[in-house]
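Structure file input_34.tsv; described as TSV, C-alpha atoms.
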chain	number	residue	atom	x	y	z
Z	1	MET	CA	9.97	9.27	7.50
Z	2	LEU	CA	9.47	10.22	3.88
Z	3	SER	CA	11.08	13.55	3.16
Z	4	SER	CA	9.40	15.90	0.80
Z	5	SER	CA	9.92	19.51	-0.19
Z	6	VAL	CA	6.13	19.87	-0.46
Z	7	PRO	CA	4.48	20.95	2.81
Z	8	PRO	CA	1.62	18.59	3.86
Z	9	SER	CA	-0.95	21.39	3.35
Z	10	ALA	CA	0.19	22.20	-0.20
Z	11	PRO	CA	-1.77	20.63	-3.04
Z	12	PRO	CA	0.20	17.81	-4.59
Z	13	SER	CA	1.63	18.16	-8.05
Z	14	PRO	CA	-0.13	16.06	-10.69
Z	15	PRO	CA	0.86	12.40	-10.55
Z	16	HIS	CA	3.12	10.90	-13.17
Z	17	PRO	CA	0.98	9.49	-16.01
Z	18	GLN	CA	2.26	5.98	-15.26
Z	19	ASP	CA	1.34	6.15	-11.55
Z	20	HIS	CA	-1.92	4.46	-10.59
Z	21	LEU	CA	-2.88	5.33	-7.03
Z	22	ALA	CA	-6.19	4.38	-5.43
Z	23	ILE	CA	-8.10	3.70	-2.26
Z	24	THR	CA	-11.21	1.66	-2.85
Z	25	PHE	CA	-13.97	-0.22	-1.08
Z	26	ALA	CA	-14.12	-2.71	-3.99
Z	27	PRO	CA	-12.06	-5.92	-4.04
Z	28	LEU	CA	-8.55	-5.58	-5.46
Z	29	SER	CA	-7.46	-7.56	-8.50
Z	30	LEU	CA	-3.96	-8.95	-9.00
Z	31	ALA	CA	-4.59	-9.23	-12.74
Z	32	ALA	CA	-5.77	-5.61	-13.02
Z	33	VAL	CA	-2.82	-4.24	-11.04
Z	34	TYR	CA	-0.34	-6.33	-13.02
Z	35	SER	CA	-1.91	-5.08	-16.26
Z	36	LEU	CA	-1.50	-1.46	-15.12
Z	37	ALA	CA	2.21	-2.09	-14.46
Z	38	GLU	CA	2.90	-3.82	-17.79
Z	39	GLN	CA	5.03	-2.00	-20.35
Z	40	GLY	CA	7.28	-3.21	-23.13
Z	41	SER	CA	10.34	-1.62	-21.53
Z	42	ASN	CA	9.93	-3.57	-18.30
Z	43	GLY	CA	12.18	-6.51	-17.62
Z	44	ALA	CA	10.51	-6.97	-14.24
Z	45	ILE	CA	7.24	-6.33	-12.53
Z	46	VAL	CA	7.34	-6.88	-8.78
Z	47	VAL	CA	3.96	-7.20	-7.09
Z	48	MET	CA	3.39	-7.10	-3.34
Z	49	SER	CA	0.04	-8.43	-2.18
Z	50	GLY	CA	-0.98	-7.86	1.43
Z	51	MET	CA	-3.68	-10.26	2.56
Z	52	VAL	CA	-5.81	-10.83	5.63
Z	53	ARG	CA	-4.28	-13.74	7.53
Z	54	ASN	CA	-6.17	-16.03	9.89
Z	55	ASN	CA	-4.15	-15.20	13.01
Z	56	THR	CA	-2.03	-12.60	14.72
Z	57	GLU	CA	0.48	-13.74	17.32
Z	58	GLY	CA	-1.39	-17.04	17.70
Z	59	ARG	CA	-4.80	-15.42	18.12
Z	60	ALA	CA	-7.49	-16.39	15.57
Z	61	VAL	CA	-8.59	-13.51	13.33
Z	62	GLU	CA	-12.07	-13.49	11.80
Z	63	SER	CA	-11.66	-10.31	9.71
Z	64	LEU	CA	-9.93	-6.94	9.45
Z	65	GLU	CA	-11.50	-3.54	9.05
Z	66	TYR	CA	-9.57	-0.78	7.28
Z	67	GLN	CA	-10.37	2.90	7.53
Z	68	ALA	CA	-8.51	5.69	5.77
Z	69	TYR	CA	-8.41	9.44	5.58
Z	70	GLU	CA	-8.52	9.13	1.81
Z	71	PRO	CA	-7.46	12.63	0.67
Z	72	MET	CA	-4.31	12.57	2.79
Z	73	ALA	CA	-3.60	8.89	2.07
Z	74	LEU	CA	-3.61	9.63	-1.66
Z	75	VAL	CA	-1.20	12.53	-1.09
Z	76	ILE	CA	1.09	10.12	0.78
Z	77	PHE	CA	0.81	7.57	-2.05
Z	78	GLN	CA	1.79	10.33	-4.48
Z	79	GLN	CA	4.77	11.31	-2.31
Z	80	ILE	CA	5.87	7.67	-2.19
Z	81	ALA	CA	5.65	7.43	-5.98
Z	82	ALA	CA	7.60	10.68	-6.42
Z	83	GLU	CA	10.35	9.48	-4.07
Z	84	ILE	CA	10.55	6.16	-5.93
Z	85	ARG	CA	11.01	8.04	-9.20
Z	86	ARG	CA	13.75	10.20	-7.64
Z	87	THR	CA	15.56	7.20	-6.15
Z	88	TRP	CA	15.10	4.62	-8.93
Z	89	ALA	CA	14.93	6.70	-12.12
Z	90	ASP	CA	14.39	3.65	-14.36
Z	91	VAL	CA	11.03	2.75	-12.76
Z	92	THR	CA	8.38	2.94	-15.47
Z	93	THR	CA	5.14	2.23	-13.61
Z	94	ILE	CA	3.96	2.47	-10.02
Z	95	VAL	CA	0.69	1.03	-8.80
Z	96	ILE	CA	-0.45	1.48	-5.20
Z	97	HIS	CA	-3.98	0.35	-4.36
Z	98	HIS	CA	-5.40	-0.08	-0.85
Z	99	ARG	CA	-8.77	-1.32	0.24
Z	100	THR	CA	-11.04	-0.04	2.98
Z	101	GLY	CA	-13.95	-1.69	4.74
Z	102	ARG	CA	-14.26	-5.09	6.36
Z	103	LEU	CA	-12.19	-7.87	4.75
Z	104	THR	CA	-12.26	-11.56	5.59
Z	105	VAL	CA	-9.38	-14.02	5.77
Z	106	GLY	CA	-7.72	-14.43	2.37
Z	107	GLU	CA	-8.90	-11.12	0.90
Z	108	ILE	CA	-6.32	-8.69	-0.46
Z	109	SER	CA	-5.98	-5.42	1.45
Z	110	VAL	CA	-3.12	-3.78	-0.46
Z	111	LEU	CA	-1.48	-4.26	-3.85
Z	112	ILE	CA	1.69	-2.58	-4.99
Z	113	ALA	CA	3.24	-3.18	-8.39
Z	114	ILE	CA	6.47	-1.69	-9.68
Z	115	GLY	CA	7.46	-1.99	-13.33
Z	116	CYS	CA	11.12	-1.48	-14.19
Z	117	PRO	CA	13.71	-2.65	-16.71
Z	118	HIS	CA	15.69	-4.40	-13.95
Z	119	ARG	CA	14.52	-6.63	-11.09
Z	120	SER	CA	16.80	-5.29	-8.34
Z	121	GLU	CA	15.36	-1.77	-8.63
Z	122	ALA	CA	11.81	-3.13	-8.91
Z	123	PHE	CA	12.23	-5.16	-5.70
Z	124	ALA	CA	13.83	-2.26	-3.83
Z	125	ALA	CA	11.17	0.23	-4.95
Z	126	CYS	CA	8.36	-2.16	-4.05
Z	127	GLN	CA	9.75	-2.74	-0.57
Z	128	TYR	CA	10.20	1.00	-0.09
Z	129	ALA	CA	6.58	1.59	-1.17
Z	130	ILE	CA	4.98	-0.86	1.29
Z	131	ASP	CA	7.26	0.05	4.18
Z	132	THR	CA	6.66	3.78	3.70
Z	133	LEU	CA	2.92	3.33	3.16
Z	134	LYS	CA	2.57	1.38	6.41
Z	135	HIS	CA	4.56	4.02	8.29
Z	136	ASN	CA	3.13	7.23	6.77
Z	137	ALA	CA	-0.34	6.69	5.28
Z	138	PRO	CA	-3.37	7.52	7.44
Z	139	ILE	CA	-4.86	4.03	7.12
Z	140	TRP	CA	-5.98	2.22	10.25
Z	141	LYS	CA	-6.57	-1.48	10.82
Z	142	LYS	CA	-8.98	-3.04	13.31
Z	143	GLU	CA	-8.68	-6.76	13.98
Z	144	HIS	CA	-11.88	-8.67	14.63
Z	145	TRP	CA	-11.16	-11.81	16.65
Z	146	ASP	CA	-13.07	-15.09	16.39
Z	147	ASP	CA	-14.32	-14.65	19.98
Z	148	GLY	CA	-16.29	-11.55	18.91
Z	149	SER	CA	-13.90	-8.97	20.36
Z	150	SER	CA	-11.89	-6.47	18.33
Z	151	SER	CA	-8.91	-4.16	18.71
Z	152	TRP	CA	-7.15	-1.48	16.72
Z	153	VAL	CA	-3.61	-2.31	15.64
Z	154	SER	CA	-1.07	0.21	16.84
Z	155	ILE	CA	1.22	1.99	14.40
Z	156	GLY	CA	4.22	0.41	16.17
Z	157	ALA	CA	2.84	-3.07	15.53
Z	158	CYS	CA	2.48	-2.32	11.82
Z	159	GLU	CA	6.09	-1.14	11.64
Z	160	GLN	CA	7.33	-4.46	13.03
Z	161	GLU	CA	5.56	-6.63	10.43
Encoded form (structure tokens):
Amino acid sequence: MLSSSVPPSAPPSPPHPQDHLAITFAPLSLAAVYSLAEQGSNGAIVVMSGMVRNNTEGRAVESLEYQAYEPMALVIFQQIAAEIRRTWADVTTIVIHHRTGRLTVGEISVLIAIGCPHRSEAFAACQYAIDTLKHNAPIWKKEHWDDGSSSWVSIGACEQE
């Protein structure tokens, strides 16, 4: 679990000016997220794109539905960004965008971009961001199956992906 000296009920400190954190109903754009992460001092930009796949454990998926408790999710995103900056001090830009609503196969649900002078730190920070987001952020996923049924994905299942 992400450790933080800020109690969950305390208002978060202002985000770093190079952190771009968002939850949106609108489609996510790889080009826009990459552009937000670009800086002349970066030798690497690592982008993680989470997409809706057409199956889960061999069962055909028609779509996914994401819901979020947005105020708390944004606090978690900010905590993730702060921890990245404490752990990998050379990181220049952090972008964490997540979508809500119903998404069909192939649509992007989450984009994370980390800009950094060196690739190893960018990869590590990006992996930390998605792993921590999936574990800590109040974002829920409902799978809609091609047979018309649906089911919520458990937190434990998300942790195993």
Exercise for the section: Fewer than 4 positions away in the same chain doesn't count, so skip those; otherwise give me all residues within 8 Å of Z:Lys141, counting all atoms listed in the file, as a PyMOL selection string. Expected result: chain Z and resi 64-67+152-153
Output C-alpha atoms for every residue in that selection, as a PDB file, keeping the file's coordinate frame.
ATOM      1  CA  LEU Z  64      -9.930  -6.940   9.450  1.00  0.00           C
ATOM      2  CA  GLU Z  65     -11.500  -3.540   9.050  1.00  0.00           C
ATOM      3  CA  TYR Z  66      -9.570  -0.780   7.280  1.00  0.00           C
ATOM      4  CA  GLN Z  67     -10.370   2.900   7.530  1.00  0.00           C
ATOM      5  CA  TRP Z 152      -7.150  -1.480  16.720  1.00  0.00           C
ATOM      6  CA  VAL Z 153      -3.610  -2.310  15.640  1.00  0.00           C
TER       7      VAL Z 153
END
Fill in the blank from the handout: note - atom CA of Z:Ile80 and atom CA of Z:Gly101 are separated by 23.0 Å
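Atom pair atom CA of Z:Arg59 / atom CA of Z:Asp147: separated by 9.7 Å.
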Handout entry: Nearest candidate to Z:Cys116 (options Z:Val33, Z:Met48, Z:Thr93, Z:Phe77; using all atoms listed in the file)
Key =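 Once distances to Z:Cys116 are computed over all atoms listed in the file, the minimum belongs to Z:Thr93.
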Exercise for the section: Tell me, as a ChimeraX atom specification, which residues lie within 12 Å of Z:Arg119, counting only C-alpha atoms; anything in the same chain fewer than 5 positions away does not count. Expected result: /Z:42-47,88,90-91,114,124-126
Handout entry: Atomic distance atom CA of Z:Gly106 - atom CA of Z:Gly50, expressed in Å with one decimal
Key = 9.5 Å
Exercise for the section: Find, counting only C-alpha atoms, the residue in Z:Asn54, Z:Ile139, Z:Leu103, Z:Ala81 that gets nearest to Z:Ala68. Expected result: Z:Ile139
Exercise for the section: Check the smallest atom-to-atom distance from each of Z:Ser49, Z:Gln79, Z:Thr87, Z:Thr56 to Z:Ala113 using all atoms listed in the file, then report the winner. Expected result: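 Nearest candidate to Z:Ala113 out of Z:Ser49, Z:Gln79, Z:Thr87, Z:Thr56: Z:Ser49.
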For Z:Val61, work out the shell of residues within 10 Å, counting only C-alpha atoms and skipping chain neighbours fewer than 2 positions away, then give it as a PDB file with C-alpha atoms, in the frame of the given file.
ATOM      1  CA  VAL Z  52      -5.810 -10.830   5.630  1.00  0.00           C
ATOM      2  CA  ARG Z  53      -4.280 -13.740   7.530  1.00  0.00           C
ATOM      3  CA  ASN Z  54      -6.170 -16.030   9.890  1.00  0.00           C
ATOM      4  CA  ASN Z  55      -4.150 -15.200  13.010  1.00  0.00           C
ATOM      5  CA  THR Z  56      -2.030 -12.600  14.720  1.00  0.00           C
ATOM      6  CA  GLU Z  57       0.480 -13.740  17.320  1.00  0.00           C
ATOM      7  CA  GLY Z  58      -1.390 -17.040  17.700  1.00  0.00           C
ATOM      8  CA  ARG Z  59      -4.800 -15.420  18.120  1.00  0.00           C
ATOM      9  CA  SER Z  63     -11.660 -10.310   9.710  1.00  0.00           C
ATOM     10  CA  LEU Z  64      -9.930  -6.940   9.450  1.00  0.00           C
ATOM     11  CA  THR Z 104     -12.260 -11.560   5.590  1.00  0.00           C
ATOM     12  CA  VAL Z 105      -9.380 -14.020   5.770  1.00  0.00           C
ATOM     13  CA  GLU Z 143      -8.680  -6.760  13.980  1.00  0.00           C
ATOM     14  CA  HIS Z 144     -11.880  -8.670  14.630  1.00  0.00           C
ATOM     15  CA  TRP Z 145     -11.160 -11.810  16.650  1.00  0.00           C
ATOM     16  CA  ASP Z 146     -13.070 -15.090  16.390  1.00  0.00           C
ATOM     17  CA  ASP Z 147     -14.320 -14.650  19.980  1.00  0.00           C
ATOM     18  CA  GLY Z 148     -16.290 -11.550  18.910  1.00  0.00           C
ATOM     19  CA  SER Z 149     -13.900  -8.970  20.360  1.00  0.00           C
ATOM     20  CA  SER Z 150     -11.890  -6.470  18.330  1.00  0.00           C
TER      21      SER Z 150
END
Under the rule of at most 12 Å, produce a per-residue listing of stretch 90-156 of chain Z near stretch 69-73 of chain Z: chain, number, name, the closest pair of atoms, and the distance in Å, as a tab-separated table, using all atoms listed in the file.
residue	atom	partner	partner_atom	distance
Z:Ile96	CA	Z:Ala73	CA	10.8
Z:His97	CA	Z:Ala73	CA	10.7
Z:His98	CA	Z:Ala73	CA	9.6
Z:Arg99	CA	Z:Glu70	CA	10.6
Z:Thr100	CA	Z:Glu70	CA	9.6
Z:Thr132	CA	Z:Ala73	CA	11.6
Z:Leu133	CA	Z:Ala73	CA	8.6
Z:Lys134	CA	Z:Ala73	CA	10.6
Z:His135	CA	Z:Ala73	CA	11.4
Z:Asn136	CA	Z:Ala73	CA	8.4
Z:Ala137	CA	Z:Ala73	CA	5.1
Z:Pro138	CA	Z:Ala73	CA	5.5
Z:Ile139	CA	Z:Tyr69	CA	6.7
Z:Trp140	CA	Z:Tyr69	CA	8.9
Could you please take those selected residues and save C-alpha atoms as a PDB file, in the coordinates of the input?
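As written to disk, part.pdb reads:
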ATOM      1  CA  ILE Z  96      -0.450   1.480  -5.200  1.00  0.00           C
ATOM      2  CA  HIS Z  97      -3.980   0.350  -4.360  1.00  0.00           C
ATOM      3  CA  HIS Z  98      -5.400  -0.080  -0.850  1.00  0.00           C
ATOM      4  CA  ARG Z  99      -8.770  -1.320   0.240  1.00  0.00           C
ATOM      5  CA  THR Z 100     -11.040  -0.040   2.980  1.00  0.00           C
ATOM      6  CA  THR Z 132       6.660   3.780   3.700  1.00  0.00           C
ATOM      7  CA  LEU Z 133       2.920   3.330   3.160  1.00  0.00           C
ATOM      8  CA  LYS Z 134       2.570   1.380   6.410  1.00  0.00           C
ATOM      9  CA  HIS Z 135       4.560   4.020   8.290  1.00  0.00           C
ATOM     10  CA  ASN Z 136       3.130   7.230   6.770  1.00  0.00           C
ATOM     11  CA  ALA Z 137      -0.340   6.690   5.280  1.00  0.00           C
ATOM     12  CA  PRO Z 138      -3.370   7.520   7.440  1.00  0.00           C
ATOM     13  CA  ILE Z 139      -4.860   4.030   7.120  1.00  0.00           C
ATOM     14  CA  TRP Z 140      -5.980   2.220  10.250  1.00  0.00           C
TER      15      TRP Z 140
END
